[in-house]
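Colleague: Okay, so here is protein-v1.cif, and as you'll see once you scroll down, it has mmCIF, C-alpha atoms.
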```
data_input
#
loop_
_atom_site.group_PDB
_atom_site.id
_atom_site.type_symbol
_atom_site.label_atom_id
_atom_site.label_comp_id
_atom_site.auth_asym_id
_atom_site.auth_seq_id
_atom_site.Cartn_x
_atom_site.Cartn_y
_atom_site.Cartn_z
ATOM 1 C CA MET A 1 114.304 149.248 105.034
ATOM 2 C CA THR A 2 111.405 151.526 104.014
ATOM 3 C CA GLU A 3 113.740 153.675 101.916
ATOM 4 C CA THR A 4 114.929 150.702 99.881
ATOM 5 C CA TRP A 5 111.403 149.354 99.539
ATOM 6 C CA TYR A 6 110.376 152.809 98.299
ATOM 7 C CA LEU A 7 113.142 152.688 95.694
ATOM 8 C CA TYR A 8 112.005 149.291 94.363
ATOM 9 C CA MET A 9 108.309 150.237 94.312
ATOM 10 C CA PHE A 10 109.168 153.530 92.595
ATOM 11 C CA PHE A 11 110.915 151.713 89.730
ATOM 12 C CA ALA A 12 108.219 149.018 89.587
ATOM 13 C CA ALA A 13 105.575 151.730 89.106
ATOM 14 C CA ALA A 14 107.708 153.374 86.400
ATOM 15 C CA LEU A 15 108.044 150.044 84.535
ATOM 16 C CA VAL A 16 104.293 149.435 84.663
ATOM 17 C CA ALA A 17 103.648 152.994 83.440
ATOM 18 C CA VAL A 18 106.054 152.619 80.482
ATOM 19 C CA GLY A 19 104.383 149.329 79.524
ATOM 20 C CA LEU A 20 100.868 150.735 79.821
ATOM 21 C CA TYR A 21 101.794 153.757 77.686
ATOM 22 C CA ALA A 22 103.122 151.442 74.970
ATOM 23 C CA LEU A 23 100.029 149.234 75.166
ATOM 24 C CA LEU A 24 97.843 152.278 74.585
ATOM 25 C CA THR A 25 99.857 153.883 71.770
ATOM 26 C CA MET A 26 101.728 151.202 69.793
ATOM 27 C CA ARG A 27 100.317 149.430 66.747
ATOM 28 C CA ASN A 28 102.707 146.531 66.136
ATOM 29 C CA ILE A 29 101.491 143.300 67.793
ATOM 30 C CA ILE A 30 105.047 142.236 68.732
ATOM 31 C CA LYS A 31 105.673 145.613 70.387
ATOM 32 C CA LEU A 32 102.434 145.186 72.348
ATOM 33 C CA LEU A 33 103.626 141.800 73.612
ATOM 34 C CA ILE A 34 106.990 143.308 74.600
ATOM 35 C CA ALA A 35 104.973 145.927 76.525
ATOM 36 C CA VAL A 36 103.091 143.129 78.325
ATOM 37 C CA GLY A 37 106.469 141.591 79.222
ATOM 38 C CA ILE A 38 107.681 144.923 80.628
ATOM 39 C CA ILE A 39 104.550 145.280 82.777
ATOM 40 C CA GLY A 40 105.270 141.728 83.987
ATOM 41 C CA LYS A 41 108.802 142.796 84.961
ATOM 42 C CA GLY A 42 107.399 145.656 87.023
ATOM 43 C CA ILE A 43 104.983 143.337 88.777
ATOM 44 C CA SER A 44 107.615 140.724 89.602
ATOM 45 C CA LEU A 45 109.884 143.484 90.959
ATOM 46 C CA ALA A 46 107.019 144.755 93.160
ATOM 47 C CA LEU A 47 106.221 141.220 94.395
ATOM 48 C CA LEU A 48 109.809 140.459 95.299
ATOM 49 C CA ALA A 49 110.395 143.885 96.863
ATOM 50 C CA SER A 50 107.340 143.469 99.092
ATOM 51 C CA GLY A 51 108.511 140.021 100.164
ATOM 52 C CA TRP A 52 111.967 141.437 100.836
ATOM 53 C CA ALA A 53 110.568 144.305 102.954
ATOM 54 C CA GLN A 54 108.345 142.001 105.033
ATOM 55 C CA ASN A 55 111.133 139.421 105.437
ATOM 56 C CA LEU A 56 109.174 136.804 103.484
ATOM 57 C CA LEU A 57 111.628 136.434 100.633
ATOM 58 C CA LEU A 58 111.165 132.686 100.108
ATOM 59 C CA THR A 59 107.386 132.963 99.604
ATOM 60 C CA ALA A 60 107.872 135.985 97.338
ATOM 61 C CA GLN A 61 110.401 134.031 95.258
ATOM 62 C CA SER A 62 108.027 131.118 94.754
ATOM 63 C CA LEU A 63 105.276 133.553 93.699
ATOM 64 C CA VAL A 64 107.632 135.283 91.250
ATOM 65 C CA ILE A 65 108.596 131.930 89.724
ATOM 66 C CA THR A 66 104.910 131.033 89.297
ATOM 67 C CA PHE A 67 104.289 134.426 87.723
ATOM 68 C CA ILE A 68 107.208 134.032 85.286
ATOM 69 C CA VAL A 69 105.861 130.647 84.125
ATOM 70 C CA VAL A 70 102.399 132.135 83.568
ATOM 71 C CA GLU A 71 103.977 135.015 81.622
ATOM 72 C CA VAL A 72 105.912 132.631 79.361
ATOM 73 C CA CYS A 73 102.719 130.702 78.551
ATOM 74 C CA LEU A 74 100.886 133.949 77.836
ATOM 75 C CA VAL A 75 103.613 135.211 75.492
ATOM 76 C CA ALA A 76 103.907 131.844 73.684
ATOM 77 C CA VAL A 77 100.163 131.657 72.997
ATOM 78 C CA ALA A 78 99.942 135.345 72.056
ATOM 79 C CA LEU A 79 102.868 135.034 69.604
ATOM 80 C CA ALA A 80 101.216 131.975 68.022
ATOM 81 C CA LEU A 81 98.043 134.040 67.627
ATOM 82 C CA ALA A 82 100.109 136.891 66.129
ATOM 83 C CA ILE A 83 101.643 134.526 63.535
ATOM 84 C CA ASN A 84 98.167 133.234 62.647
ATOM 85 C CA ALA A 85 96.862 136.790 62.320
ATOM 86 C CA TYR A 86 99.851 137.639 60.116
ATOM 87 C CA ARG A 87 99.036 134.729 57.808
ATOM 88 C CA HIS A 88 95.535 136.139 57.361
ATOM 89 C CA THR A 89 96.284 139.831 56.972
ATOM 90 C CA LYS A 90 99.969 139.819 55.872
ATOM 91 C CA ASP A 91 100.477 142.570 58.420
ATOM 92 C CA LEU A 92 101.322 142.961 62.090
ATOM 93 C CA ASP A 93 99.191 146.078 62.550
ATOM 94 C CA VAL A 94 96.562 145.628 65.271
ATOM 95 C CA ARG A 95 94.193 148.041 63.512
ATOM 96 C CA LYS A 96 93.938 145.608 60.585
ATOM 97 C CA LEU A 97 92.769 142.815 62.873
ATOM 98 C CA ALA A 98 89.367 144.496 63.069
ATOM 99 C CA ARG A 99 88.908 143.569 59.412
ATOM 100 C CA LEU A 100 89.477 139.832 59.880
ATOM 101 C CA LYS A 101 87.065 137.573 58.066
ATOM 102 C CA GLY A 102 86.634 133.880 58.862
ATOM 103 C CA MET B 1 122.712 150.662 97.076
ATOM 104 C CA THR B 2 124.100 152.952 94.384
ATOM 105 C CA LEU B 3 124.819 149.971 92.151
ATOM 106 C CA GLN B 4 121.277 148.716 92.699
ATOM 107 C CA THR B 5 119.880 152.142 91.690
ATOM 108 C CA LEU B 6 122.070 152.184 88.583
ATOM 109 C CA LEU B 7 120.851 148.694 87.644
ATOM 110 C CA LEU B 8 117.230 149.798 88.061
ATOM 111 C CA ILE B 9 117.823 152.924 85.944
ATOM 112 C CA GLY B 10 119.388 150.688 83.277
ATOM 113 C CA LEU B 11 116.324 148.460 83.471
ATOM 114 C CA ILE B 12 114.034 151.427 82.736
ATOM 115 C CA VAL B 13 116.304 152.677 79.923
ATOM 116 C CA PHE B 14 116.446 149.277 78.184
ATOM 117 C CA SER B 15 112.679 148.833 78.598
ATOM 118 C CA ALA B 16 112.048 152.225 76.990
ATOM 119 C CA LEU B 17 114.533 151.353 74.196
ATOM 120 C CA ALA B 18 112.708 148.058 73.608
ATOM 121 C CA LEU B 19 109.471 149.939 73.069
ATOM 122 C CA LEU B 20 110.772 152.934 71.121
ATOM 123 C CA SER B 21 113.284 151.364 68.703
ATOM 124 C CA ARG B 22 112.047 150.931 65.146
ATOM 125 C CA ASP B 23 113.887 147.676 64.483
ATOM 126 C CA LEU B 24 112.062 144.719 66.060
ATOM 127 C CA ILE B 25 115.236 142.634 66.513
ATOM 128 C CA LYS B 26 116.854 145.504 68.415
ATOM 129 C CA ALA B 27 113.676 145.801 70.490
ATOM 130 C CA ALA B 28 113.807 142.095 71.392
ATOM 131 C CA ILE B 29 117.501 142.319 72.347
ATOM 132 C CA SER B 30 116.856 145.405 74.512
ATOM 133 C CA PHE B 31 114.066 143.456 76.214
ATOM 134 C CA ALA B 32 116.532 140.633 76.938
ATOM 135 C CA ALA B 33 119.064 143.120 78.330
ATOM 136 C CA ALA B 34 116.380 144.579 80.615
ATOM 137 C CA SER B 35 115.572 141.055 81.864
ATOM 138 C CA LEU B 36 119.252 140.421 82.510
ATOM 139 C CA LEU B 37 119.509 143.581 84.620
ATOM 140 C CA LEU B 38 116.347 142.635 86.549
ATOM 141 C CA GLY B 39 117.828 139.181 87.172
ATOM 142 C CA ILE B 40 120.994 140.793 88.599
ATOM 143 C CA VAL B 41 118.792 143.019 90.822
ATOM 144 C CA PHE B 42 117.023 139.878 92.091
ATOM 145 C CA PHE B 43 120.377 138.213 92.823
ATOM 146 C CA ARG B 44 121.524 141.259 94.795
ATOM 147 C CA MET B 45 118.260 141.288 96.777
ATOM 148 C CA GLY B 46 119.126 137.773 97.967
ATOM 149 C CA ALA B 47 116.653 135.952 95.720
ATOM 150 C CA PRO B 48 118.844 133.685 93.558
ATOM 151 C CA TYR B 49 116.038 131.355 92.401
ATOM 152 C CA ALA B 50 113.905 134.210 91.088
ATOM 153 C CA GLY B 51 117.033 135.673 89.450
ATOM 154 C CA VAL B 52 117.885 132.399 87.721
ATOM 155 C CA PHE B 53 114.324 132.066 86.428
ATOM 156 C CA GLU B 54 114.255 135.680 85.244
ATOM 157 C CA ILE B 55 117.543 135.332 83.344
ATOM 158 C CA SER B 56 117.043 131.846 81.903
ATOM 159 C CA VAL B 57 113.336 131.988 81.096
ATOM 160 C CA VAL B 58 112.548 135.646 80.374
ATOM 161 C CA ALA B 59 115.916 136.759 78.967
ATOM 162 C CA GLY B 60 116.459 133.421 77.212
ATOM 163 C CA LEU B 61 113.268 131.652 76.227
ATOM 164 C CA ILE B 62 110.944 134.632 75.658
ATOM 165 C CA THR B 63 113.609 136.444 73.609
ATOM 166 C CA VAL B 64 114.039 133.356 71.438
ATOM 167 C CA LEU B 65 110.264 133.221 70.947
ATOM 168 C CA PHE B 66 110.195 136.911 69.971
ATOM 169 C CA ILE B 67 113.082 136.569 67.513
ATOM 170 C CA LEU B 68 111.479 133.439 66.017
ATOM 171 C CA THR B 69 108.230 135.313 65.476
ATOM 172 C CA ILE B 70 110.043 138.291 63.952
ATOM 173 C CA ALA B 71 111.851 135.900 61.586
ATOM 174 C CA LEU B 72 108.602 134.166 60.626
ATOM 175 C CA THR B 73 106.876 137.430 59.791
ATOM 176 C CA GLU B 74 108.496 138.974 56.759
ATOM 177 C CA LYS B 75 110.380 142.217 56.723
ATOM 178 C CA LYS B 76 107.807 143.989 54.557
ATOM 179 C CA ALA B 77 105.325 143.697 57.397
ATOM 180 C CA GLU B 78 106.865 146.756 59.027
ATOM 181 C CA VAL B 79 104.243 148.723 60.901
ATOM 182 C CA ARG B 80 104.457 152.490 61.001
ATOM 183 C CA GLU B 81 104.012 153.579 64.596
ATOM 184 C CA SER B 82 102.377 156.926 65.111
ATOM 185 C CA PRO B 83 105.067 159.632 65.411
ATOM 186 C CA LYS B 84 103.007 161.392 68.085
ATOM 187 C CA ALA B 85 103.381 158.431 70.465
ATOM 188 C CA ARG B 86 107.179 158.662 70.221
ATOM 189 C CA MET B 87 107.169 162.439 70.744
ATOM 190 C CA ILE B 88 104.775 162.445 73.703
ATOM 191 C CA PHE B 89 106.605 159.604 75.507
ATOM 192 C CA PRO B 90 109.345 161.738 77.198
ATOM 193 C CA LEU B 91 106.732 164.235 78.413
ATOM 194 C CA PHE B 92 104.492 161.442 79.728
ATOM 195 C CA PHE B 93 107.469 159.782 81.426
ATOM 196 C CA ILE B 94 108.655 162.978 83.166
ATOM 197 C CA VAL B 95 105.123 163.767 84.375
ATOM 198 C CA PHE B 96 104.737 160.214 85.665
ATOM 199 C CA ILE B 97 108.090 160.294 87.471
ATOM 200 C CA ILE B 98 107.108 163.554 89.209
ATOM 201 C CA ILE B 99 103.776 162.021 90.330
ATOM 202 C CA ASP B 100 105.632 158.845 91.368
ATOM 203 C CA VAL B 101 108.072 160.840 93.546
ATOM 204 C CA LEU B 102 105.241 162.766 95.183
ATOM 205 C CA VAL B 103 102.800 159.912 95.764
ATOM 206 C CA MET B 104 104.715 156.646 96.215
ATOM 207 C CA ARG B 105 106.272 157.423 99.604
ATOM 208 C CA GLY B 106 102.874 158.244 101.104
ATOM 209 C CA LEU B 107 101.299 155.162 99.524
ATOM 210 C CA ILE B 108 103.960 152.867 100.955
ATOM 211 C CA ARG B 109 103.427 154.204 104.490
ATOM 212 C CA LYS B 110 99.708 153.396 104.179
ATOM 213 C CA ILE B 111 100.196 149.738 103.216
ATOM 214 C CA PRO B 112 99.168 147.708 106.257
ATOM 215 C CA THR B 113 101.563 144.970 107.255
ATOM 216 C CA LEU B 114 99.896 141.599 107.259
ATOM 217 C CA PRO B 115 100.774 139.422 110.218
ATOM 218 C CA ALA B 116 102.968 136.575 109.078
ATOM 219 C CA GLU B 117 105.176 134.117 110.804
ATOM 220 C CA ALA B 118 108.857 134.325 110.142
ATOM 221 C CA GLU B 119 109.974 131.952 107.419
ATOM 222 C CA THR B 120 112.002 129.003 108.418
ATOM 223 C CA GLY B 121 113.680 126.334 106.369
ATOM 224 C CA LEU B 122 114.985 126.322 102.856
ATOM 225 C CA PHE B 123 113.520 127.588 99.604
ATOM 226 C CA GLY B 124 112.635 124.061 98.500
ATOM 227 C CA GLN B 125 110.619 123.445 101.665
ATOM 228 C CA VAL B 126 108.656 126.681 101.196
ATOM 229 C CA LEU B 127 108.075 125.995 97.487
ATOM 230 C CA TRP B 128 107.048 122.351 97.801
ATOM 231 C CA GLY B 129 105.548 122.427 101.295
ATOM 232 C CA GLN B 130 103.638 125.681 101.493
ATOM 233 C CA ARG B 131 102.930 126.580 97.892
ATOM 234 C CA THR B 132 101.812 123.221 96.534
ATOM 235 C CA PHE B 133 98.614 124.671 95.057
ATOM 236 C CA ASP B 134 100.594 127.271 93.141
ATOM 237 C CA LEU B 135 102.652 124.474 91.609
ATOM 238 C CA VAL B 136 99.522 122.540 90.576
ATOM 239 C CA GLY B 137 98.175 125.729 88.974
ATOM 240 C CA GLN B 138 101.527 126.231 87.265
ATOM 241 C CA VAL B 139 101.396 122.749 85.711
ATOM 242 C CA ALA B 140 97.826 123.442 84.530
ATOM 243 C CA VAL B 141 98.903 126.746 82.961
ATOM 244 C CA ILE B 142 101.838 125.099 81.147
ATOM 245 C CA LEU B 143 99.558 122.344 79.793
ATOM 246 C CA ALA B 144 96.965 124.925 78.704
ATOM 247 C CA GLY B 145 99.699 126.884 76.911
ATOM 248 C CA VAL B 146 101.039 123.784 75.145
ATOM 249 C CA PHE B 147 97.575 122.727 73.976
ATOM 250 C CA ALA B 148 96.727 126.265 72.838
ATOM 251 C CA VAL B 149 99.907 126.495 70.721
ATOM 252 C CA LEU B 150 99.263 123.004 69.301
ATOM 253 C CA ALA B 151 95.686 123.988 68.446
ATOM 254 C CA LEU B 152 96.822 127.191 66.755
ATOM 255 C CA PHE B 153 99.406 125.431 64.577
ATOM 256 C CA ARG B 154 97.504 122.244 63.753
ATOM 257 C CA LYS B 155 97.377 121.189 60.133
ATOM 258 C CA LYS B 156 94.056 121.243 58.382
ATOM 259 C CA ASP B 157 92.212 117.932 58.323
ATOM 260 C CA LEU B 158 92.046 116.219 54.955
ATOM 261 C CA ASP B 159 88.265 116.368 54.778
ATOM 262 C CA ASP B 160 88.163 120.149 55.358
#
```
For this file, write the structure as structure tokens.
Modeller:
Amino acid sequence: MTETWYLYMFFAAALVAVGLYALLTMRNIIKLLIAVGIIGKGISLALLASGWAQNLLLTAQSLVITFIVVEVCLVAVALALAINAYRHTKDLDVRKLARLKG
Amino acid sequence: MTLQTLLLIGLIVFSALALLSRDLIKAAISFAAASLLLGIVFFRMGAPYAGVFEISVVAGLITVLFILTIALTEKKAEVRESPKARMIFPLFFIVFIIIDVLVMRGLIRKIPTLPAEAETGLFGQVLWGQRTFDLVGQVAVILAGVFAVLALFRKKDLDD
């Protein structure tokens, strides 16, 4: 049981690390949102793996479903913001957002 | 177990491809493929509801949203990513994997097990009976998201 849990947590940590690296280094807003989605995948894997290891799979599943819904709302709002920012700056570069004027 | 490991390795590979590929459409499709693999992992762990949500919502809906946004923003808006980030990524990843191998096993042994009663009943009973507050929060989050998107795309008033 612990060995399999270790395997899942190992990959969950790797997913979060890949997403964090992209969040810190990428410049394209859409890539940043994909990175947020990948961190979300790592977190849902960790949640479900913990529930699986403690034999509380049903509770873990309901938490994962809640988390997925929250993630969808986050991505939808963030993409709408990205489109609005693109209309202002004609660019998807996050560095140009610092120059936004009302 | 081997199949599960292969699926998880594929998940990491597609996630890295989604972040490193230059073409945004390819990135979105790699993201969907990663979600599909994660959904299959959930199914094999014995969590079919989470798997269905992962495949239908994340691999389906979020990918459609990404592709829609990429289509709405013109092609000339291509952003040049820094070449250093792409070059350092393999090094960063290998270093992280080594730390992960060394540290994770010890960390997992230290996690205290919370006392919990064994689950009884069906998924629906747990979801509706025990996690009612989560569901209320979920409805609030969906409504907040809908209103935020409506507010962001509203047309200007005539007197503006």
Colleague: Report the residues retrieved by the PyMOL selection byres ((chain B) within 6 of (chain A)) from the displayed file, expressed as a ChimeraX atom specification.
Modeller: /B:50,77,79,81,85,123,127,145,149
Colleague: Please produce a file of the residues just selected, as a PDB file, keeping the file's coordinate frame, where the atoms kept are C-alpha atoms.
Modeller:
```pdb
ATOM      1  CA  ALA B  50     113.905 134.210  91.088  1.00  0.00           C
ATOM      2  CA  ALA B  77     105.325 143.697  57.397  1.00  0.00           C
ATOM      3  CA  VAL B  79     104.243 148.723  60.901  1.00  0.00           C
ATOM      4  CA  GLU B  81     104.012 153.579  64.596  1.00  0.00           C
ATOM      5  CA  ALA B  85     103.381 158.431  70.465  1.00  0.00           C
ATOM      6  CA  PHE B 123     113.520 127.588  99.604  1.00  0.00           C
ATOM      7  CA  LEU B 127     108.075 125.995  97.487  1.00  0.00           C
ATOM      8  CA  GLY B 145      99.699 126.884  76.911  1.00  0.00           C
ATOM      9  CA  VAL B 149      99.907 126.495  70.721  1.00  0.00           C
TER      10      VAL B 149
END
```
Colleague: For Phe42 of chain B, which residue among A:Val36, A:Lys96, A:Ala46, A:His88 is the nearest when counting only C-alpha atoms?
Modeller: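 Nearest to Phe42 of chain B: A:Ala46.
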Colleague: Work out how far atom CA of Arg22 of chain B is from atom CA of Leu37 of chain B, in Å to one decimal.
Modeller: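 Computing it gives 22.1 Å between the two atoms.
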Colleague: As an exercise, work out the distance from atom CA of Arg95 of chain A to atom CA of Pro83 of chain B in Å and give it to one decimal place.
Modeller: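 That distance, rounded to one decimal, is 16.0 Å.
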Colleague: One decimal, Å: what's the distance from atom CA of Ile29 of chain B over to atom CA of Leu20 of chain A, could you say?
Modeller: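 These two atoms are separated by 20.1 Å.
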